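Heads up: the structure comes next, in structure tokens.
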Amino acid sequence: MTAATLLPDPRLEGTLSVLAPDGSLLRPDLVPDDETILNLYKSMRRARVFDDRAMVLQRQGKLGVYPCFGGMEATQVGAATALQDGDWVLPTYRGTALAMVRGMSLAHILLAWRGHPAGYQVDPKLHILPFYIPIANQIPHTAGIALAEKRRGTGLVAMAFIGDGGTSEGDFHVGVNFAGAFGAPAIFVIENNGWAISTPTSVQTAAKNLASRAEGYGMPGVRVDGNDVLAMYHVTREAAERARRGEGPTLIEAITYRILPHTSSDDPGRYREETEAQAWKSGRDPGKRLRAYLEGRGLWSEDQEQQVMQEMEAEIKAAMLLADQAPEILPEALLEHIYAEPLPEMLEQLEEIRALGALE
């Protein structure tokens, strides 16, 4: 199915789009400068290449369980690029593209998905927290960080990502409600990819759309085509500017689709028709959409595409070498970096682990 014959999808009704699936321009008034557009495209290509390679590495036993994001990269890249360097970002476990845009090295990301403790010790200068595995824990943290920045008068914002399934968790309500009540400069991005593992959005909520929940929290709710990186960049930038003016948080629902499995250990064929995924893959791919626009304006060529691919392949190889040089994981590392001050029980467990190691 081509973009020309692509049927309308009811999930996209009422969403903001700047580019049509075929790359034609819908909203010329919302197009950023050429340098920004090229940066967005390169960031998406880098993320997609890494995602493809990571799945191969997992199959080779060089990564642990990996949560792929291919086809969803426009949501993360567009939102992350719209922020300032000092703003805070709190990702989900599917936030690898987000981390790449915010400056996390590929070697660091590889270590994180190997389960190495070094992968979860993020450089504090990046203002990005480690990948959140528990669902929705990042939402109250985002509200707290945003409120702290508000009281410090820094003008910085905090942005969290969450899946559509995560919006049914109590932590989502608690965190978003808190941010709304206190006018925290926060942005909450729902990556609505249609599936909470094997549960479709229509089953896990009766809400017509998830952005409508914003009204109950006293904040604007925005629905955007999450596979349109220019639209995502625009709505996030508006939300950030609003937060910096002291006008409080914004809830963004980005409509995208998980064309790949939930993780490298999932079999989506057990719970959905893959023809649906193929329609999104062939007709609504975010990278193809933006590339068509760029080529139509003479801003991109096949030579530039190959250069980006070659640079990314070299970057991945160098990152693998660095990751392979990481020190061996000691058993006691499992209990490190959990609390600032270890609990008494943890100290006892730590001594037990060290005693067992001494006996070997």
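Residues in the structure tokens are named by chain (A, B, ... in the order shown) and by number from 1 within that chain; ligands are numbered from 1 in the order shown.
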Open item on the list: Using only C-alpha atoms, which protein or nucleic acid residues come within 9 Å of Ala146 (chain A)? Drop anything in the same chain fewer than 2 positions from it, and give the result as number ranges by chain.
Closed with: A: 88, 141-144, 148-151, 156-159, 179, 184-186
Task: Non-local contacts of Leu40 (chain A) (12 Å; only C-alpha atoms; under 3 positions in same chain excluded) as a ChimeraX atom specification - done: /A:32-37,43-47,73-82,97-98,101,228-233,286-287,290-291,294
Those residues you just picked out, can you put them in a file as a short mmCIF file (atom, residue, chain, number, x, y, z; two decimals), in the first residue's frame with N, CA, C and O atoms?
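selection_36.cif written:
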```cif
data_model
loop_
_atom_site.label_atom_id
_atom_site.label_comp_id
_atom_site.auth_asym_id
_atom_site.auth_seq_id
_atom_site.Cartn_x
_atom_site.Cartn_y
_atom_site.Cartn_z
N PRO A 32 9.63 24.92 10.19
CA PRO A 32 10.81 25.61 10.73
C PRO A 32 11.84 25.88 9.64
O PRO A 32 11.63 25.54 8.46
N ASP A 33 12.97 26.47 10.02
CA ASP A 33 14.02 26.78 9.04
C ASP A 33 14.66 25.50 8.50
O ASP A 33 14.57 24.43 9.11
N ASP A 34 15.33 25.62 7.37
CA ASP A 34 15.90 24.45 6.69
C ASP A 34 16.92 23.72 7.55
O ASP A 34 17.00 22.48 7.53
N GLU A 35 17.73 24.45 8.30
CA GLU A 35 18.75 23.81 9.14
C GLU A 35 18.10 22.91 10.18
O GLU A 35 18.56 21.80 10.43
N THR A 36 17.01 23.38 10.77
CA THR A 36 16.30 22.57 11.76
C THR A 36 15.70 21.32 11.11
O THR A 36 15.78 20.22 11.67
N ILE A 37 15.12 21.49 9.93
CA ILE A 37 14.51 20.34 9.26
C ILE A 37 15.56 19.28 8.92
O ILE A 37 15.34 18.07 9.13
N SER A 43 18.66 13.15 12.57
CA SER A 43 18.46 12.52 13.88
C SER A 43 17.54 11.31 13.76
O SER A 43 17.77 10.28 14.41
N MET A 44 16.52 11.41 12.93
CA MET A 44 15.62 10.27 12.74
C MET A 44 16.33 9.11 12.06
O MET A 44 16.14 7.95 12.41
N ARG A 45 17.15 9.41 11.07
CA ARG A 45 17.87 8.35 10.36
C ARG A 45 18.86 7.65 11.29
O ARG A 45 18.98 6.43 11.28
N ARG A 46 19.58 8.45 12.08
CA ARG A 46 20.53 7.86 13.04
C ARG A 46 19.80 6.93 14.00
O ARG A 46 20.26 5.82 14.29
N ALA A 47 18.65 7.39 14.50
CA ALA A 47 17.90 6.59 15.46
C ALA A 47 17.39 5.30 14.83
O ALA A 47 17.47 4.22 15.44
N GLU A 73 10.04 7.04 15.67
CA GLU A 73 11.13 7.95 16.02
C GLU A 73 10.78 9.43 15.87
O GLU A 73 11.37 10.28 16.53
N ALA A 74 9.81 9.77 15.02
CA ALA A 74 9.47 11.18 14.82
C ALA A 74 8.94 11.82 16.09
O ALA A 74 9.22 12.99 16.37
N THR A 75 8.18 11.06 16.88
CA THR A 75 7.63 11.60 18.12
C THR A 75 8.75 12.02 19.07
O THR A 75 8.75 13.13 19.61
N GLN A 76 9.72 11.14 19.27
CA GLN A 76 10.80 11.42 20.20
C GLN A 76 11.76 12.47 19.66
O GLN A 76 12.17 13.40 20.38
N VAL A 77 12.13 12.35 18.40
CA VAL A 77 13.10 13.28 17.82
C VAL A 77 12.52 14.69 17.75
O VAL A 77 13.18 15.67 18.11
N GLY A 78 11.28 14.81 17.29
CA GLY A 78 10.66 16.12 17.19
C GLY A 78 10.53 16.81 18.53
O GLY A 78 10.84 18.00 18.66
N ALA A 79 10.10 16.07 19.54
CA ALA A 79 9.91 16.65 20.87
C ALA A 79 11.24 17.03 21.50
O ALA A 79 11.39 18.12 22.06
N ALA A 80 12.22 16.14 21.42
CA ALA A 80 13.51 16.40 22.06
C ALA A 80 14.23 17.58 21.42
O ALA A 80 14.87 18.39 22.11
N THR A 81 14.13 17.71 20.10
CA THR A 81 14.81 18.79 19.40
C THR A 81 14.21 20.15 19.74
O THR A 81 14.90 21.18 19.69
N ALA A 82 12.95 20.16 20.14
CA ALA A 82 12.27 21.42 20.45
C ALA A 82 12.67 22.00 21.80
O ALA A 82 12.34 23.15 22.09
N ALA A 97 15.71 6.76 21.05
CA ALA A 97 15.87 7.88 20.11
C ALA A 97 15.94 9.19 20.87
O ALA A 97 16.72 10.08 20.54
N LEU A 98 15.14 9.30 21.91
CA LEU A 98 15.14 10.48 22.76
C LEU A 98 16.51 10.70 23.39
O LEU A 98 17.06 11.80 23.39
N VAL A 101 19.17 11.97 20.86
CA VAL A 101 19.05 13.39 20.56
C VAL A 101 19.58 14.24 21.70
O VAL A 101 20.20 15.28 21.48
N ASP A 228 4.69 12.68 12.13
CA ASP A 228 5.06 13.90 11.43
C ASP A 228 6.01 14.68 12.34
O ASP A 228 5.58 15.34 13.29
N VAL A 229 7.30 14.59 12.08
CA VAL A 229 8.29 15.18 12.98
C VAL A 229 8.16 16.71 13.04
O VAL A 229 8.43 17.32 14.09
N LEU A 230 7.73 17.33 11.95
CA LEU A 230 7.58 18.79 11.96
C LEU A 230 6.41 19.20 12.85
O LEU A 230 6.49 20.22 13.56
N ALA A 231 5.33 18.44 12.84
CA ALA A 231 4.20 18.73 13.71
C ALA A 231 4.57 18.51 15.16
O ALA A 231 4.21 19.30 16.05
N MET A 232 5.34 17.45 15.41
CA MET A 232 5.75 17.16 16.78
C MET A 232 6.68 18.24 17.31
O MET A 232 6.58 18.66 18.47
N TYR A 233 7.57 18.70 16.47
CA TYR A 233 8.48 19.78 16.85
C TYR A 233 7.70 21.05 17.18
O TYR A 233 7.97 21.72 18.19
N PRO A 286 7.75 7.82 9.16
CA PRO A 286 8.14 9.22 9.38
C PRO A 286 9.36 9.66 8.59
O PRO A 286 9.43 10.80 8.13
N GLY A 287 10.32 8.76 8.42
CA GLY A 287 11.52 9.11 7.68
C GLY A 287 11.25 9.30 6.20
O GLY A 287 11.73 10.26 5.58
N LEU A 290 9.44 12.76 5.58
CA LEU A 290 10.26 13.96 5.60
C LEU A 290 11.27 13.96 4.46
O LEU A 290 11.58 15.00 3.87
N ARG A 291 11.78 12.78 4.11
CA ARG A 291 12.75 12.71 3.00
C ARG A 291 12.08 13.14 1.69
O ARG A 291 12.69 13.86 0.88
N LEU A 294 12.01 16.88 1.69
CA LEU A 294 13.34 17.45 1.48
C LEU A 294 13.79 17.28 0.03
O LEU A 294 14.34 18.22 -0.57
#
```
Open item on the list: Please extract the residues of region 201-317 of chain A with a backbone DSSP assignment of helix (DSSP H, G or I) and present them as a PyMOL selection string.
Closed with: chain A and resi 201-204+211-217+229-244+268-270+274-283+286-296+302-317
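Taking CA of Ser265 (chain A) as the reference point, CA of Pro140 (chain A) is found at 29.1 Å.
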- [ ] Check region 98-343 of chain A with DSSP on the backbone and list each residue it calls strand (DSSP E), as a VMD selection string.
- [x] chain A and resid 158 to 163 186 to 192 195 to 196 199 to 200 221 to 225 250 to 255
Task: Counting only C-alpha atoms, the option among A:Ile259, A:Val89, A:Ala314, A:Leu57 closest to Leu126 (chain A) - done: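 Ranked by minimum distance to Leu126 (chain A), first place goes to A:Val89.
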